[in-house]
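Here is the structure we will look at, set down as structure tokens.
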Amino acid sequence: MILIVDMNHKKGSLGFEEFVLPIASVVKKWEEYAIVHYKELTPQSIASVRKVILSGTPLMDKEFLHHYTNFSWLRETDTPLLGICAGMQFLALLFDSGLKNCLEIGMTEIETTAENPLFSSNFRAYELHTTAVEPSPDFEVLARSDNCVQAIRHKKKEIYGILFHPEVRNREIIERFLQH
């Protein structure tokens with residue numbers, strides 16, 4: 001079972017259809033999934049799941065920033081995690097990374113900077129963010145654009161963050177996370 005975490009400010013928002021359902025459409029081809037809103041996420045939510053994916057949000061939806069410390073227990077999990085856009089920011093904050101302004105909208109060239117199981121070469125990706133991550137020493141940078149860090153991997157855990165939106169373009173990245 002895969003758990004998809006809805007990172008949007010409230011359940012049932014338009015962001016759910018834009019950012020969560022496209023992830024679910026990729027995951028359902030591989031295995032069963034459940035969706036939970038991040039405000040309802042508990043240690044029990046991930047106790048019996050194989051992997052967790054944290055969704056992105058609309059550009060101005062930063063509500064999760066007020067709640068991320070409530071989920072510091074995620075630092076202790078051994079469950080593989082993938083954070084997409086806001087999900088990446090959420091995971092990075094849990095591990096003491098910083099955030100910085102970085103506006104990117106539309107197609108962007110991504111340069112792969114480290115070997116990883118999610119992607120292996122340079123590629124174009126769809127971007128929709130105003131904030132990027134300044135990774136803490138806990139993370140290795142996997143990819144960059146001209147403006148900011150695009151992908152990170154925790155050095156000791158199976159935790160990945162990607163700033164672009166593979167549910168829009170590059171769906172194979174989500175599939176590789178599920179298969180890895």
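By order of appearance in the structure tokens: chains A, B, ..., then residues from 1 within every chain, and ligands from 1 in the order shown.
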At a cut-off of 8 Å, using only C-alpha atoms, what residues contact Phe123 of chain A? Leave out same-chain residues fewer than 3 positions from it and give the result as a compact mmCIF listing (two decimals) with N, CA and C atoms, in the first residue's frame.
```
# COMPACT_ATOMS: atom_id res chain seq x y z
N GLU A 109 14.96 23.29 -17.75
CA GLU A 109 16.04 22.32 -17.95
C GLU A 109 16.57 21.90 -16.57
N ILE A 110 16.64 20.59 -16.36
CA ILE A 110 17.13 20.03 -15.10
C ILE A 110 18.43 19.30 -15.38
N GLU A 111 19.46 19.62 -14.60
CA GLU A 111 20.76 18.95 -14.72
C GLU A 111 20.92 17.95 -13.58
```
Original post:
If you count only C-alpha atoms, which residues fall within 9 Å of segment 1-18 of chain A, apart from same-chain ones fewer than 6 positions away, as an NGL selection string?
Top reply: :A and (24 or 27 or 31-39 or 41 or 45-46 or 48-58 or 61-64 or 86-87 or 90 or 178)
Within 12 Å of segment 133-142 of chain A, which residues of segment 51-125 of chain A come that close, and what is the closest atom pair and distance in Å for each? Count only C-alpha atoms and give it as CSV.
```
residue,atom,partner,partner_atom,distance
A:Arg75,CA,A:Asp138,CA,11.2
A:Gly83,CA,A:Val133,CA,11.8
A:Ile84,CA,A:Val133,CA,11.8
A:Cys85,CA,A:Val133,CA,9.5
A:Ala86,CA,A:Val133,CA,9.8
A:Gly87,CA,A:Val133,CA,11.0
A:Met88,CA,A:Val133,CA,7.9
A:Gln89,CA,A:Val133,CA,6.1
A:Phe90,CA,A:Val133,CA,9.5
A:Leu91,CA,A:Val133,CA,9.9
A:Ala92,CA,A:Pro135,CA,6.7
A:Leu93,CA,A:Val133,CA,8.4
A:Leu94,CA,A:Ser136,CA,10.1
A:Phe95,CA,A:Ser136,CA,7.0
A:Asp96,CA,A:Ser136,CA,6.0
A:Ser97,CA,A:Ser136,CA,4.4
A:Gly98,CA,A:Glu134,CA,4.8
A:Leu99,CA,A:Val133,CA,4.6
A:Lys100,CA,A:Val133,CA,6.2
A:Asn101,CA,A:Val133,CA,8.8
A:Cys102,CA,A:Val133,CA,8.9
A:Leu103,CA,A:Val133,CA,12.0
A:Ile110,CA,A:Leu142,CA,10.1
A:Glu111,CA,A:Leu142,CA,8.6
A:Thr112,CA,A:Leu142,CA,5.9
A:Thr113,CA,A:Leu142,CA,5.1
A:Ala114,CA,A:Leu142,CA,4.7
A:Glu115,CA,A:Leu142,CA,7.1
A:Asn116,CA,A:Leu142,CA,7.1
A:Pro117,CA,A:Leu142,CA,10.2
A:Leu118,CA,A:Leu142,CA,9.6
A:Phe119,CA,A:Leu142,CA,9.1
A:Ser120,CA,A:Leu142,CA,9.7
A:Ser121,CA,A:Leu142,CA,10.6
A:Asn122,CA,A:Leu142,CA,11.0
```
**OP:** Determine, counting only C-alpha atoms, which protein, DNA and RNA residues have an atom within 10 Å of an atom of Gln179 of chain A; residues of the same chain fewer than 2 positions away are not included. Present the result as a list in words.
**Re:** Trp30, Pro117, Leu118, Ile173, Ile174, Glu175, Arg176 and Phe177 of chain A
**OP:** Could you tell me how far atom CA of Val26 of chain A lies from atom CA of Glu167 of chain A, in Å and to one decimal?
**Re:**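 So the answer is 7.4 Å.
Note that the spacing between atom CA of Gln150 of chain A and atom CA of Ile23 of chain A amounts to 18.3 Å.
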Original post:
How would you write, as a PyMOL selection string, the set of residues in segment 24-151 of chain A that DSSP gives as helix (DSSP H, G or I)?
Top reply: chain A and resi 24-27+38-40+43-46+63-66+68-76+86-94
Just the strand (DSSP E or B) stuff from segment 31-157 of chain A, please, per backbone DSSP, written as a PDB file with N, CA and C atoms, in the first residue's frame.
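Dumped everything to part.pdb:
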```
ATOM      1  N   TYR A  33      -3.514   2.255  -3.019  1.00  0.00           N
ATOM      2  CA  TYR A  33      -3.070   3.460  -2.336  1.00  0.00           C
ATOM      3  C   TYR A  33      -4.184   3.984  -1.443  1.00  0.00           C
ATOM      4  N   ALA A  34      -3.798   4.838  -0.529  1.00  0.00           N
ATOM      5  CA  ALA A  34      -4.733   5.583   0.307  1.00  0.00           C
ATOM      6  C   ALA A  34      -4.276   7.029   0.285  1.00  0.00           C
ATOM      7  N   ILE A  35      -5.213   7.948   0.497  1.00  0.00           N
ATOM      8  CA  ILE A  35      -4.904   9.373   0.550  1.00  0.00           C
ATOM      9  C   ILE A  35      -5.307   9.896   1.924  1.00  0.00           C
ATOM     10  N   VAL A  36      -4.425  10.659   2.536  1.00  0.00           N
ATOM     11  CA  VAL A  36      -4.711  11.294   3.823  1.00  0.00           C
ATOM     12  C   VAL A  36      -4.262  12.752   3.754  1.00  0.00           C
ATOM     13  N   HIS A  37      -5.040  13.641   4.360  1.00  0.00           N
ATOM     14  CA  HIS A  37      -4.658  15.046   4.420  1.00  0.00           C
ATOM     15  C   HIS A  37      -3.544  15.200   5.454  1.00  0.00           C
ATOM     16  N   LYS A  51       5.370   2.801   1.111  1.00  0.00           N
ATOM     17  CA  LYS A  51       6.016   4.064   0.755  1.00  0.00           C
ATOM     18  C   LYS A  51       5.017   5.201   0.915  1.00  0.00           C
ATOM     19  N   VAL A  52       5.561   6.427   1.033  1.00  0.00           N
ATOM     20  CA  VAL A  52       4.735   7.624   1.207  1.00  0.00           C
ATOM     21  C   VAL A  52       5.151   8.667   0.180  1.00  0.00           C
ATOM     22  N   ILE A  53       4.152   9.312  -0.438  1.00  0.00           N
ATOM     23  CA  ILE A  53       4.392  10.420  -1.365  1.00  0.00           C
ATOM     24  C   ILE A  53       3.653  11.637  -0.834  1.00  0.00           C
ATOM     25  N   LEU A  54       4.370  12.749  -0.675  1.00  0.00           N
ATOM     26  CA  LEU A  54       3.782  14.016  -0.246  1.00  0.00           C
ATOM     27  C   LEU A  54       3.589  14.883  -1.477  1.00  0.00           C
ATOM     28  N   LEU A  81      10.167   7.853   1.631  1.00  0.00           N
ATOM     29  CA  LEU A  81       9.343   9.040   1.412  1.00  0.00           C
ATOM     30  C   LEU A  81       9.786   9.763   0.140  1.00  0.00           C
ATOM     31  N   LEU A  82       8.800  10.279  -0.588  1.00  0.00           N
ATOM     32  CA  LEU A  82       9.057  11.137  -1.740  1.00  0.00           C
ATOM     33  C   LEU A  82       8.226  12.394  -1.563  1.00  0.00           C
ATOM     34  N   GLY A  83       8.882  13.541  -1.502  1.00  0.00           N
ATOM     35  CA  GLY A  83       8.181  14.816  -1.419  1.00  0.00           C
ATOM     36  C   GLY A  83       8.259  15.529  -2.752  1.00  0.00           C
ATOM     37  N   ILE A  84       7.106  15.939  -3.265  1.00  0.00           N
ATOM     38  CA  ILE A  84       7.028  16.641  -4.540  1.00  0.00           C
ATOM     39  C   ILE A  84       6.690  18.107  -4.261  1.00  0.00           C
ATOM     40  N   GLY A  98      16.827  24.979   4.915  1.00  0.00           N
ATOM     41  CA  GLY A  98      16.207  26.288   4.782  1.00  0.00           C
ATOM     42  C   GLY A  98      15.399  26.392   3.505  1.00  0.00           C
ATOM     43  N   LEU A  99      14.615  27.446   3.409  1.00  0.00           N
ATOM     44  CA  LEU A  99      13.853  27.743   2.207  1.00  0.00           C
ATOM     45  C   LEU A  99      14.308  29.101   1.678  1.00  0.00           C
ATOM     46  N   LYS A 100      14.209  29.262   0.353  1.00  0.00           N
ATOM     47  CA  LYS A 100      14.558  30.546  -0.255  1.00  0.00           C
ATOM     48  C   LYS A 100      13.597  30.822  -1.398  1.00  0.00           C
ATOM     49  N   ASN A 101      13.466  32.076  -1.753  1.00  0.00           N
ATOM     50  CA  ASN A 101      12.616  32.455  -2.875  1.00  0.00           C
ATOM     51  C   ASN A 101      13.248  31.957  -4.167  1.00  0.00           C
ATOM     52  N   CYS A 102      12.439  31.349  -5.003  1.00  0.00           N
ATOM     53  CA  CYS A 102      12.901  30.869  -6.306  1.00  0.00           C
ATOM     54  C   CYS A 102      11.670  30.634  -7.164  1.00  0.00           C
ATOM     55  N   LEU A 103      11.320  31.589  -7.976  1.00  0.00           N
ATOM     56  CA  LEU A 103      10.146  31.485  -8.842  1.00  0.00           C
ATOM     57  C   LEU A 103      10.525  30.773 -10.136  1.00  0.00           C
ATOM     58  N   GLU A 104       9.844  29.669 -10.402  1.00  0.00           N
ATOM     59  CA  GLU A 104       9.981  28.964 -11.682  1.00  0.00           C
ATOM     60  C   GLU A 104       8.597  28.448 -12.065  1.00  0.00           C
ATOM     61  N   ILE A 105       8.157  28.817 -13.251  1.00  0.00           N
ATOM     62  CA  ILE A 105       6.859  28.373 -13.761  1.00  0.00           C
ATOM     63  C   ILE A 105       7.058  27.943 -15.204  1.00  0.00           C
ATOM     64  N   GLY A 106       6.601  26.745 -15.516  1.00  0.00           N
ATOM     65  CA  GLY A 106       6.717  26.237 -16.878  1.00  0.00           C
ATOM     66  C   GLY A 106       7.838  25.229 -17.012  1.00  0.00           C
ATOM     67  N   MET A 107       8.235  24.979 -18.244  1.00  0.00           N
ATOM     68  CA  MET A 107       9.255  23.977 -18.522  1.00  0.00           C
ATOM     69  C   MET A 107      10.649  24.517 -18.202  1.00  0.00           C
ATOM     70  N   THR A 108      11.443  23.679 -17.538  1.00  0.00           N
ATOM     71  CA  THR A 108      12.778  24.066 -17.100  1.00  0.00           C
ATOM     72  C   THR A 108      13.755  22.936 -17.384  1.00  0.00           C
ATOM     73  N   GLU A 109      14.965  23.294 -17.754  1.00  0.00           N
ATOM     74  CA  GLU A 109      16.035  22.318 -17.946  1.00  0.00           C
ATOM     75  C   GLU A 109      16.572  21.896 -16.574  1.00  0.00           C
ATOM     76  N   ILE A 110      16.640  20.593 -16.358  1.00  0.00           N
ATOM     77  CA  ILE A 110      17.127  20.031 -15.098  1.00  0.00           C
ATOM     78  C   ILE A 110      18.432  19.298 -15.377  1.00  0.00           C
ATOM     79  N   GLU A 111      19.461  19.617 -14.598  1.00  0.00           N
ATOM     80  CA  GLU A 111      20.755  18.949 -14.724  1.00  0.00           C
ATOM     81  C   GLU A 111      20.918  17.951 -13.578  1.00  0.00           C
ATOM     82  N   THR A 112      21.085  16.686 -13.922  1.00  0.00           N
ATOM     83  CA  THR A 112      21.346  15.663 -12.915  1.00  0.00           C
ATOM     84  C   THR A 112      22.788  15.817 -12.450  1.00  0.00           C
ATOM     85  N   PHE A 123      17.151  16.545 -18.237  1.00  0.00           N
ATOM     86  CA  PHE A 123      15.815  16.449 -18.807  1.00  0.00           C
ATOM     87  C   PHE A 123      15.074  17.756 -18.589  1.00  0.00           C
ATOM     88  N   ARG A 124      13.926  17.866 -19.218  1.00  0.00           N
ATOM     89  CA  ARG A 124      13.044  19.020 -19.025  1.00  0.00           C
ATOM     90  C   ARG A 124      11.924  18.602 -18.083  1.00  0.00           C
ATOM     91  N   ALA A 125      11.537  19.518 -17.188  1.00  0.00           N
ATOM     92  CA  ALA A 125      10.486  19.213 -16.225  1.00  0.00           C
ATOM     93  C   ALA A 125       9.557  20.408 -16.072  1.00  0.00           C
ATOM     94  N   TYR A 126       8.336  20.122 -15.621  1.00  0.00           N
ATOM     95  CA  TYR A 126       7.359  21.172 -15.377  1.00  0.00           C
ATOM     96  C   TYR A 126       7.533  21.721 -13.963  1.00  0.00           C
ATOM     97  N   GLU A 127       7.673  23.043 -13.861  1.00  0.00           N
ATOM     98  CA  GLU A 127       7.882  23.734 -12.582  1.00  0.00           C
ATOM     99  C   GLU A 127       6.678  24.600 -12.242  1.00  0.00           C
ATOM    100  N   LEU A 128       6.382  24.698 -10.955  1.00  0.00           N
ATOM    101  CA  LEU A 128       5.338  25.600 -10.475  1.00  0.00           C
ATOM    102  C   LEU A 128       5.601  25.874  -8.997  1.00  0.00           C
ATOM    103  N   HIS A 129       6.561  26.764  -8.727  1.00  0.00           N
ATOM    104  CA  HIS A 129       6.894  27.060  -7.330  1.00  0.00           C
ATOM    105  C   HIS A 129       7.453  28.472  -7.191  1.00  0.00           C
ATOM    106  N   THR A 130       7.338  28.983  -5.975  1.00  0.00           N
ATOM    107  CA  THR A 130       7.921  30.276  -5.621  1.00  0.00           C
ATOM    108  C   THR A 130       9.021  30.114  -4.577  1.00  0.00           C
ATOM    109  N   THR A 131       9.154  28.908  -4.040  1.00  0.00           N
ATOM    110  CA  THR A 131      10.099  28.645  -2.959  1.00  0.00           C
ATOM    111  C   THR A 131      10.904  27.397  -3.272  1.00  0.00           C
ATOM    112  N   ALA A 132      12.192  27.439  -2.966  1.00  0.00           N
ATOM    113  CA  ALA A 132      13.080  26.290  -3.159  1.00  0.00           C
ATOM    114  C   ALA A 132      13.751  25.953  -1.832  1.00  0.00           C
ATOM    115  N   VAL A 133      14.459  24.840  -1.832  1.00  0.00           N
ATOM    116  CA  VAL A 133      15.118  24.334  -0.630  1.00  0.00           C
ATOM    117  C   VAL A 133      16.609  24.672  -0.656  1.00  0.00           C
ATOM    118  N   GLU A 134      17.137  25.056   0.488  1.00  0.00           N
ATOM    119  CA  GLU A 134      18.575  25.147   0.710  1.00  0.00           C
ATOM    120  C   GLU A 134      18.907  23.955   1.608  1.00  0.00           C
ATOM    121  N   PHE A 139      21.325  16.118   3.459  1.00  0.00           N
ATOM    122  CA  PHE A 139      20.909  15.796   2.099  1.00  0.00           C
ATOM    123  C   PHE A 139      22.032  15.938   1.085  1.00  0.00           C
ATOM    124  N   GLU A 140      21.949  15.096   0.067  1.00  0.00           N
ATOM    125  CA  GLU A 140      22.801  15.187  -1.113  1.00  0.00           C
ATOM    126  C   GLU A 140      21.956  15.807  -2.225  1.00  0.00           C
ATOM    127  N   VAL A 141      22.522  16.713  -2.984  1.00  0.00           N
ATOM    128  CA  VAL A 141      21.823  17.321  -4.119  1.00  0.00           C
ATOM    129  C   VAL A 141      21.929  16.380  -5.310  1.00  0.00           C
ATOM    130  N   LEU A 142      20.772  16.050  -5.900  1.00  0.00           N
ATOM    131  CA  LEU A 142      20.716  15.141  -7.047  1.00  0.00           C
ATOM    132  C   LEU A 142      20.558  15.877  -8.373  1.00  0.00           C
ATOM    133  N   ALA A 143      19.938  17.061  -8.337  1.00  0.00           N
ATOM    134  CA  ALA A 143      19.693  17.794  -9.579  1.00  0.00           C
ATOM    135  C   ALA A 143      19.501  19.278  -9.279  1.00  0.00           C
ATOM    136  N   ARG A 144      19.805  20.091 -10.303  1.00  0.00           N
ATOM    137  CA  ARG A 144      19.685  21.551 -10.205  1.00  0.00           C
ATOM    138  C   ARG A 144      19.119  22.100 -11.515  1.00  0.00           C
ATOM    139  N   VAL A 149      18.081  24.293  -6.457  1.00  0.00           N
ATOM    140  CA  VAL A 149      18.159  22.845  -6.265  1.00  0.00           C
ATOM    141  C   VAL A 149      16.820  22.237  -6.665  1.00  0.00           C
ATOM    142  N   GLN A 150      16.863  21.179  -7.464  1.00  0.00           N
ATOM    143  CA  GLN A 150      15.643  20.553  -7.974  1.00  0.00           C
ATOM    144  C   GLN A 150      15.341  19.190  -7.352  1.00  0.00           C
ATOM    145  N   ALA A 151      16.368  18.511  -6.833  1.00  0.00           N
ATOM    146  CA  ALA A 151      16.133  17.186  -6.241  1.00  0.00           C
ATOM    147  C   ALA A 151      17.192  16.914  -5.185  1.00  0.00           C
ATOM    148  N   ILE A 152      16.751  16.262  -4.095  1.00  0.00           N
ATOM    149  CA  ILE A 152      17.651  15.912  -3.001  1.00  0.00           C
ATOM    150  C   ILE A 152      17.365  14.490  -2.533  1.00  0.00           C
ATOM    151  N   ARG A 153      18.359  13.914  -1.860  1.00  0.00           N
ATOM    152  CA  ARG A 153      18.204  12.581  -1.251  1.00  0.00           C
ATOM    153  C   ARG A 153      18.857  12.649   0.129  1.00  0.00           C
ATOM    154  N   HIS A 154      18.141  12.118   1.116  1.00  0.00           N
ATOM    155  CA  HIS A 154      18.712  12.046   2.460  1.00  0.00           C
ATOM    156  C   HIS A 154      19.899  11.099   2.416  1.00  0.00           C
TER     157      HIS A 154
END
```
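For the atom pair formed by atom CA of Lys29 of chain A and atom CA of Asp78 of chain A, the distance is 24.3 Å, given to one decimal.
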